[in-house]
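**Student:** The file below is input-v3.csv, CSV, C-alpha atoms:
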```
chain,number,residue,atom,x,y,z
W,1,MET,CA,-29.0,197.2,210.3
W,2,HIS,CA,-29.1,199.6,207.3
W,3,ARG,CA,-30.8,198.8,204.0
W,4,SER,CA,-31.4,201.4,201.3
W,5,GLY,CA,-30.8,204.2,203.8
W,6,VAL,CA,-33.5,203.0,206.1
W,7,VAL,CA,-32.8,201.9,209.6
W,8,MET,CA,-34.4,198.5,210.3
W,9,ALA,CA,-35.0,198.6,214.0
W,10,TRP,CA,-37.1,195.4,214.2
W,11,ASN,CA,-35.0,192.3,214.6
W,12,VAL,CA,-36.6,188.8,214.2
W,13,PHE,CA,-33.7,187.2,216.1
W,14,LYS,CA,-34.9,188.7,219.4
W,15,PHE,CA,-37.4,185.8,219.4
W,16,CYS,CA,-34.6,183.2,219.4
W,17,THR,CA,-34.7,182.9,223.2
W,18,ALA,CA,-38.4,182.2,223.0
W,19,LEU,CA,-37.9,179.5,220.4
W,20,ARG,CA,-35.3,177.8,222.6
W,21,GLY,CA,-37.9,177.8,225.4
W,22,LEU,CA,-40.4,175.9,223.2
W,23,GLY,CA,-38.4,172.7,223.3
W,24,SER,CA,-40.2,170.5,225.8
W,25,ILE,CA,-43.6,171.9,224.8
W,26,MET,CA,-43.2,171.0,221.1
W,27,ILE,CA,-42.0,167.4,222.0
W,28,LEU,CA,-45.0,167.0,224.3
W,29,LEU,CA,-47.3,168.4,221.6
W,30,VAL,CA,-46.1,165.8,219.1
W,31,LEU,CA,-46.5,163.0,221.7
W,32,ALA,CA,-50.0,164.3,222.5
W,33,VAL,CA,-51.0,164.1,218.8
W,34,VAL,CA,-49.6,160.6,218.6
W,35,GLY,CA,-51.6,159.7,221.8
W,36,VAL,CA,-54.9,161.0,220.5
W,37,THR,CA,-54.4,159.3,217.2
W,38,TYR,CA,-53.5,156.0,218.9
W,39,TYR,CA,-56.5,156.1,221.2
W,40,ALA,CA,-58.9,156.8,218.2
W,41,VAL,CA,-57.4,154.2,215.8
W,42,VAL,CA,-56.3,151.4,218.0
W,43,LEU,CA,-58.4,151.6,221.2
W,44,THR,CA,-61.6,153.0,219.8
W,45,ILE,CA,-62.1,151.7,216.2
W,46,TYR,CA,-59.8,149.0,214.9
W,47,GLY,CA,-58.8,147.3,218.1
W,48,PRO,CA,-62.3,146.3,219.1
W,49,ALA,CA,-63.1,145.4,215.5
W,50,TRP,CA,-60.2,142.9,215.5
W,51,TYR,CA,-61.2,141.4,218.9
W,52,ALA,CA,-64.8,141.1,217.8
W,53,GLY,CA,-63.7,138.8,215.0
W,54,GLY,CA,-65.7,137.9,211.9
W,55,GLY,CA,-64.8,138.0,208.3
W,56,LEU,CA,-63.6,140.9,206.3
W,57,ASP,CA,-64.0,143.5,209.0
W,58,SER,CA,-61.5,141.6,211.2
W,59,LEU,CA,-59.0,141.2,208.4
W,60,THR,CA,-59.2,144.9,207.5
W,61,ALA,CA,-58.7,145.8,211.2
W,62,VAL,CA,-55.6,143.5,211.4
W,63,ALA,CA,-54.1,145.1,208.2
W,64,VAL,CA,-54.7,148.6,209.4
W,65,LEU,CA,-53.2,147.9,212.8
W,66,LEU,CA,-50.1,146.3,211.4
W,67,VAL,CA,-49.4,149.1,208.9
W,68,PHE,CA,-50.3,151.7,211.6
W,69,HIS,CA,-47.8,150.3,214.1
W,70,ALA,CA,-45.1,149.8,211.6
W,71,LEU,CA,-45.3,153.4,210.4
W,72,LEU,CA,-45.6,154.7,214.0
W,73,VAL,CA,-42.4,152.9,215.0
W,74,MET,CA,-40.5,154.4,212.0
W,75,LEU,CA,-42.0,157.8,212.6
W,76,LEU,CA,-41.0,157.9,216.3
W,77,TRP,CA,-37.6,156.4,215.5
W,78,SER,CA,-36.9,159.1,212.8
W,79,TYR,CA,-38.3,161.9,215.0
W,80,PHE,CA,-36.2,161.2,218.0
W,81,SER,CA,-33.2,160.6,215.8
W,82,VAL,CA,-33.6,164.2,214.6
W,83,VAL,CA,-34.2,165.5,218.1
W,84,PHE,CA,-31.2,163.8,219.7
W,85,THR,CA,-28.6,163.9,216.8
W,86,ASP,CA,-26.3,166.8,216.7
W,87,PRO,CA,-26.7,168.4,213.3
W,88,GLY,CA,-22.9,169.0,213.1
W,89,SER,CA,-20.6,171.6,214.6
W,90,VAL,CA,-17.3,173.0,213.3
W,91,PRO,CA,-14.3,171.2,214.9
W,92,PRO,CA,-12.1,173.7,216.8
W,93,THR,CA,-9.0,172.6,214.7
W,94,TRP,CA,-10.7,172.8,211.3
W,95,ARG,CA,-8.8,174.8,208.7
W,96,PRO,CA,-9.5,175.0,204.9
W,97,GLU,CA,-7.0,173.2,202.7
W,98,ILE,CA,-8.0,175.2,199.6
W,99,ASP,CA,-9.6,178.5,199.0
W,100,GLU,CA,-13.2,177.8,198.4
W,101,GLU,CA,-13.4,180.5,195.8
W,102,ARG,CA,-10.2,179.8,193.8
W,103,GLY,CA,-10.5,176.0,193.8
W,104,GLU,CA,-8.0,173.1,194.1
W,105,ALA,CA,-5.6,174.7,191.6
W,106,ASP,CA,-4.8,177.4,194.0
W,107,PRO,CA,-4.2,176.0,197.5
W,108,LEU,CA,-4.1,178.1,200.6
W,109,ASN,CA,-0.9,178.8,202.5
W,110,ALA,CA,-0.7,179.0,206.2
W,111,PRO,CA,-0.1,182.7,206.4
W,112,GLU,CA,-3.3,183.4,204.4
W,113,PHE,CA,-5.5,182.8,207.4
W,114,SER,CA,-4.9,183.3,211.1
W,115,GLY,CA,-6.1,181.3,214.1
W,116,ALA,CA,-9.7,181.3,215.3
W,117,THR,CA,-9.3,184.4,217.3
W,118,ALA,CA,-9.2,186.9,214.5
W,119,GLU,CA,-10.4,187.6,211.0
W,120,PRO,CA,-8.6,185.5,208.3
W,121,LEU,CA,-6.1,187.5,206.3
W,122,HIS,CA,-7.4,186.2,203.0
W,123,PRO,CA,-10.8,187.9,202.2
W,124,LYS,CA,-12.3,184.9,200.5
W,125,VAL,CA,-12.0,182.5,203.5
W,126,ARG,CA,-15.4,182.3,205.2
W,127,PHE,CA,-15.4,183.4,208.8
W,128,CYS,CA,-18.1,183.6,211.5
W,129,ARG,CA,-17.8,186.7,213.6
W,130,LYS,CA,-20.3,185.4,216.1
W,131,CYS,CA,-18.5,182.1,216.8
W,132,ASN,CA,-15.1,183.6,216.0
W,133,HIS,CA,-13.9,180.8,213.8
W,134,LEU,CA,-13.5,179.8,210.2
W,135,LYS,CA,-16.5,178.3,208.4
W,136,PRO,CA,-16.4,175.1,206.3
W,137,PRO,CA,-18.3,175.0,203.0
W,138,ARG,CA,-22.1,175.2,203.3
W,139,CYS,CA,-21.9,176.0,207.0
W,140,HIS,CA,-24.2,178.7,208.5
W,141,HIS,CA,-24.7,180.3,211.9
W,142,CYS,CA,-27.9,179.5,213.7
W,143,SER,CA,-29.0,182.3,215.9
W,144,VAL,CA,-31.4,180.0,217.9
W,145,CYS,CA,-28.7,177.4,218.7
W,146,GLY,CA,-26.0,180.2,219.0
W,147,ARG,CA,-23.5,178.3,216.9
W,148,CYS,CA,-22.4,177.4,213.4
W,149,VAL,CA,-24.1,174.3,211.9
W,150,LEU,CA,-22.6,172.2,209.2
W,151,LYS,CA,-24.7,172.2,206.0
W,152,MET,CA,-27.5,174.0,207.9
W,153,ASP,CA,-31.0,173.6,206.4
W,154,HIS,CA,-33.1,175.4,209.0
W,155,HIS,CA,-33.9,175.4,212.7
W,156,CYS,CA,-37.1,173.4,213.3
W,157,VAL,CA,-39.2,174.1,216.4
W,158,TRP,CA,-41.0,170.7,216.0
W,159,VAL,CA,-37.8,168.8,216.5
W,160,VAL,CA,-36.3,171.3,218.9
W,161,ASN,CA,-33.0,171.2,216.9
W,162,CYS,CA,-31.2,172.5,213.9
W,163,VAL,CA,-31.5,170.4,210.8
W,164,GLY,CA,-28.0,170.0,209.3
W,165,ALA,CA,-25.5,167.6,207.8
W,166,LEU,CA,-25.7,164.9,210.4
W,167,ASN,CA,-29.5,164.7,210.8
W,168,TYR,CA,-31.0,165.9,207.5
W,169,LYS,CA,-31.7,162.4,206.4
W,170,TYR,CA,-33.5,161.6,209.6
W,171,PHE,CA,-35.6,164.8,209.2
W,172,LEU,CA,-36.6,163.7,205.6
W,173,LEU,CA,-37.6,160.3,206.9
W,174,PHE,CA,-39.6,161.9,209.7
W,175,LEU,CA,-41.5,163.9,207.0
W,176,LEU,CA,-42.1,160.8,204.9
W,177,TYR,CA,-43.3,158.6,207.7
W,178,THR,CA,-45.4,161.4,209.2
W,179,PHE,CA,-47.2,161.8,205.8
W,180,LEU,CA,-47.7,158.1,205.3
W,181,GLU,CA,-49.0,157.7,208.9
W,182,THR,CA,-51.3,160.7,208.9
W,183,SER,CA,-52.7,159.7,205.4
W,184,LEU,CA,-53.4,156.2,206.7
W,185,VAL,CA,-55.2,157.5,209.7
W,186,THR,CA,-57.2,160.0,207.6
W,187,VAL,CA,-58.4,157.3,205.3
W,188,SER,CA,-59.1,154.9,208.1
W,189,LEU,CA,-61.2,157.4,210.1
W,190,LEU,CA,-63.0,158.9,207.0
W,191,SER,CA,-66.1,156.7,207.4
W,192,GLN,CA,-66.4,157.7,211.1
W,193,PHE,CA,-66.0,161.3,210.2
W,194,ILE,CA,-68.7,161.2,207.5
W,195,ALA,CA,-71.0,159.5,210.0
W,196,PHE,CA,-70.9,162.6,212.2
W,197,PHE,CA,-72.9,164.5,209.5
W,198,SER,CA,-75.4,161.7,208.9
W,199,ASP,CA,-78.8,161.4,210.5
W,200,GLY,CA,-78.2,157.9,211.9
W,201,GLU,CA,-77.1,157.0,215.4
W,202,ILE,CA,-73.3,156.8,215.9
W,203,PRO,CA,-72.1,154.1,218.4
W,204,GLY,CA,-69.7,155.2,221.1
W,205,THR,CA,-69.5,157.5,224.1
W,206,PRO,CA,-69.2,161.3,223.7
W,207,SER,CA,-65.5,161.1,224.7
W,208,THR,CA,-64.6,158.5,222.1
W,209,LEU,CA,-66.6,160.3,219.4
W,210,ALA,CA,-64.9,163.6,220.2
W,211,THR,CA,-61.4,161.9,220.2
W,212,THR,CA,-62.1,160.3,216.8
W,213,PHE,CA,-63.3,163.6,215.3
W,214,LEU,CA,-60.2,165.4,216.7
W,215,ALA,CA,-57.8,162.7,215.5
W,216,PHE,CA,-59.3,162.9,211.9
W,217,VAL,CA,-59.0,166.7,211.8
W,218,LEU,CA,-55.5,166.7,213.2
W,219,ASN,CA,-54.2,164.0,210.9
W,220,LEU,CA,-55.8,165.5,207.8
W,221,ALA,CA,-54.2,168.9,208.6
W,222,PHE,CA,-50.8,167.3,209.2
W,223,ALA,CA,-51.0,165.2,206.1
W,224,LEU,CA,-51.7,168.2,203.9
W,225,SER,CA,-49.1,170.5,205.5
W,226,VAL,CA,-46.3,167.8,205.6
W,227,LEU,CA,-47.0,166.9,201.9
W,228,GLY,CA,-46.0,170.5,201.0
W,229,PHE,CA,-42.7,170.3,203.0
W,230,LEU,CA,-42.0,166.8,201.6
W,231,ILE,CA,-42.4,168.0,198.0
W,232,MET,CA,-40.2,171.0,198.7
W,233,HIS,CA,-37.4,169.0,200.3
W,234,THR,CA,-37.6,166.3,197.6
W,235,SER,CA,-36.8,169.1,195.0
W,236,LEU,CA,-34.0,170.4,197.3
W,237,VAL,CA,-32.4,166.9,197.5
W,238,ALA,CA,-32.6,166.5,193.8
W,239,ALA,CA,-30.7,169.8,193.3
W,240,ASN,CA,-28.4,169.2,196.3
W,241,LYS,CA,-29.4,172.4,198.0
W,242,THR,CA,-30.4,173.3,201.5
W,243,THR,CA,-33.4,175.6,202.3
W,244,ILE,CA,-30.9,178.4,203.0
W,245,GLU,CA,-28.9,177.8,199.8
W,246,ALA,CA,-32.1,177.7,197.8
W,247,TYR,CA,-33.1,181.1,199.1
W,248,GLU,CA,-29.6,182.6,198.8
W,249,LYS,CA,-28.9,181.2,195.3
W,250,LYS,CA,-32.3,181.5,193.8
W,251,THR,CA,-31.0,183.7,191.0
W,252,ALA,CA,-27.9,181.6,190.3
W,253,ALA,CA,-28.0,179.8,186.9
W,254,LYS,CA,-25.8,176.9,188.1
W,255,TRP,CA,-25.0,175.3,191.4
W,256,ARG,CA,-21.6,173.8,191.9
W,257,TYR,CA,-22.7,171.0,194.2
W,258,ASP,CA,-25.4,169.7,191.8
W,259,LEU,CA,-23.8,166.4,190.6
W,260,GLY,CA,-27.0,164.8,189.2
W,261,LYS,CA,-30.0,163.4,190.9
W,262,LYS,CA,-28.5,160.0,191.7
W,263,LYS,CA,-25.3,161.4,193.4
W,264,ASN,CA,-27.3,164.2,195.1
W,265,PHE,CA,-29.6,161.6,196.6
W,266,GLN,CA,-26.7,159.5,197.8
W,267,GLN,CA,-25.0,162.4,199.5
W,268,VAL,CA,-28.1,162.6,201.8
W,269,PHE,CA,-29.2,158.9,202.1
W,270,GLY,CA,-25.9,157.1,201.5
W,271,MET,CA,-25.0,154.4,198.9
W,272,ASP,CA,-26.2,151.4,200.9
W,273,ARG,CA,-29.8,150.8,199.8
W,274,ARG,CA,-30.6,148.7,202.9
W,275,TYR,CA,-30.3,151.9,205.0
W,276,TRP,CA,-32.2,154.3,202.7
W,277,PHE,CA,-35.4,154.2,204.7
W,278,LEU,CA,-33.8,153.8,208.1
W,279,PRO,CA,-32.6,156.7,210.3
W,280,ALA,CA,-29.1,155.4,210.2
W,281,TYR,CA,-26.0,154.9,208.0
W,282,SER,CA,-23.9,151.9,207.3
W,283,ASN,CA,-20.4,151.9,208.6
W,284,GLU,CA,-19.1,151.5,205.1
W,285,ASP,CA,-20.9,154.7,203.9
W,286,LEU,CA,-19.6,156.6,206.9
W,287,ARG,CA,-16.1,155.5,206.1
W,288,LYS,CA,-16.2,156.1,202.3
W,289,MET,CA,-18.3,159.2,202.1
W,290,PRO,CA,-16.8,162.2,203.8
W,291,GLU,CA,-19.8,164.4,202.8
W,292,LEU,CA,-21.8,162.5,205.4
W,293,GLN,CA,-19.6,164.1,208.0
W,294,GLY,CA,-20.5,167.6,206.7
W,295,LEU,CA,-17.0,169.1,206.2
W,296,ASP,CA,-16.1,168.1,202.6
W,297,TYR,CA,-18.4,168.1,199.5
W,298,PRO,CA,-17.5,167.1,196.0
W,299,SER,CA,-18.4,169.7,193.4
W,300,LYS,CA,-18.2,170.2,189.6
W,301,PRO,CA,-14.6,170.9,188.8
W,302,ASP,CA,-15.5,173.1,185.8
W,303,GLN,CA,-17.6,175.6,187.7
W,304,ALA,CA,-16.6,178.5,189.9
W,305,GLN,CA,-17.2,178.2,193.6
W,306,GLU,CA,-20.4,179.7,194.9
W,307,PHE,CA,-21.7,180.5,198.3
```
Represent the supplied structure as structure tokens.
**Tutor:**
Amino acid sequence: MHRSGVVMAWNVFKFCTALRGLGSIMILLVLAVVGVTYYAVVLTIYGPAWYAGGGLDSLTAVAVLLVFHALLVMLLWSYFSVVFTDPGSVPPTWRPEIDEERGEADPLNAPEFSGATAEPLHPKVRFCRKCNHLKPPRCHHCSVCGRCVLKMDHHCVWVVNCVGALNYKYFLLFLLYTFLETSLVTVSLLSQFIAFFSDGEIPGTPSTLATTFLAFVLNLAFALSVLGFLIMHTSLVAANKTTIEAYEKKTAAKWRYDLGKKKNFQQVFGMDRRYWFLPAYSNEDLRKMPELQGLDYPSKPDQAQEF
């Protein structure tokens, strides 16, 4: 690769094979963190407090356990939805109906692009030379997965999958429920963590004390790190951009897909409010909103097409 006359010999994509090999390890790591947290919160601290009974402590334990388990269910549901949902691939028979640069007023004719075995004849039709097929709007090639992904946001090693058109909502919910769960655990274990640095005697065995300390540190670290990602992706949803598009179009004054915060939000979460906080879509939204399928996105008619 040549840039400003300098040969760039180092290629970051040589690590793609290593990233693919991290799959099972990352899933086991996530489950290990969940297991440590569950042991500390439920089995060590608040489970025994609930069974002991007696006044405010018992009621507090019940409240913490109910919220903890509810958030844990939503976290794991969202996480495995991201892991096992295909982010979206380009159908073999897909062809553009219009030129994405010229707009709807200037439709494409069949001779302007060839089949998926050669470069398109029209220079403005997007084509992936690695996959050897045409590329829909907002589609990018993932070198880790080795294929084009619809509305690709990024490849996430934590979910062992690409985050794209069909699982981006699930990824956002995973971030949300992870932040809420880790924040709850951090607050719930704060008094035990402070007790480690006091002069008084701390009840419990060395193993339970070590697990509680580790759970607090891990959940605090995850809460702070996930909060940053959550803020970033909230701003991306509000602007109707992916991480890749935000990087590529950071100097662009206008973005053709920015239809306003409400419509931008609906393009990710759907229009049915009952499903906004669930890693699923209603059948009606899937039927009425083609953008949820990742191939067709409404844009501002008065702006030039951008990529």
**Student:** Show which residues sit within 7 Å of W:Lys135, as a VMD selection string. Count only C-alpha atoms, and ignore same-chain residues fewer than 6 positions away.
**Tutor:** chain W and resid 126 to 128
**Student:** Between atom CA of W:Asp258 and atom CA of W:Phe171, measure the distance and give it in Å to one decimal.
**Tutor:** 20.8 Å
**Student:** With only C-alpha atoms as the atoms that count, which of W:Gly200, W:Pro279, W:Pro206, W:Pro136 lies nearest to W:Ser78?
**Tutor:**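 Looking at the shortest contact to W:Ser78, the residue is W:Pro279.
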**Student:** Kindly indicate which residue among W:Leu72, W:Val217, W:Val268, W:Val83 lies nearest to W:Leu236, using all atoms listed in the file for the distances.
**Tutor:** W:Val268
**Student:** Between atom CA of W:Ser207 and atom CA of W:Ala40, measure the distance and give it in Å to one decimal.
**Tutor:** 10.2 Å
**Student:** Atom CA of W:Thr212 and atom CA of W:Ile194 are how many Å apart?
**Tutor:**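 Computing the Euclidean distance for atom CA of W:Thr212 and atom CA of W:Ile194 yields 11.4 Å.
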**Student:** When you count all atoms listed in the file, which of these residues is closest to W:Ser225: W:Ala239, W:Leu175, W:Gly270, W:Glu201?
**Tutor:**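 Among W:Ala239, W:Leu175, W:Gly270, W:Glu201, it is W:Leu175 that comes nearest to W:Ser225.
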**Student:** Using all atoms listed in the file for the distances, tell me which of W:Val90, W:Val144, W:Val163, W:Leu278 is nearest to W:Cys131.
**Tutor:**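 Comparing W:Val90, W:Val144, W:Val163, W:Leu278 against W:Cys131, the winner is W:Val90.
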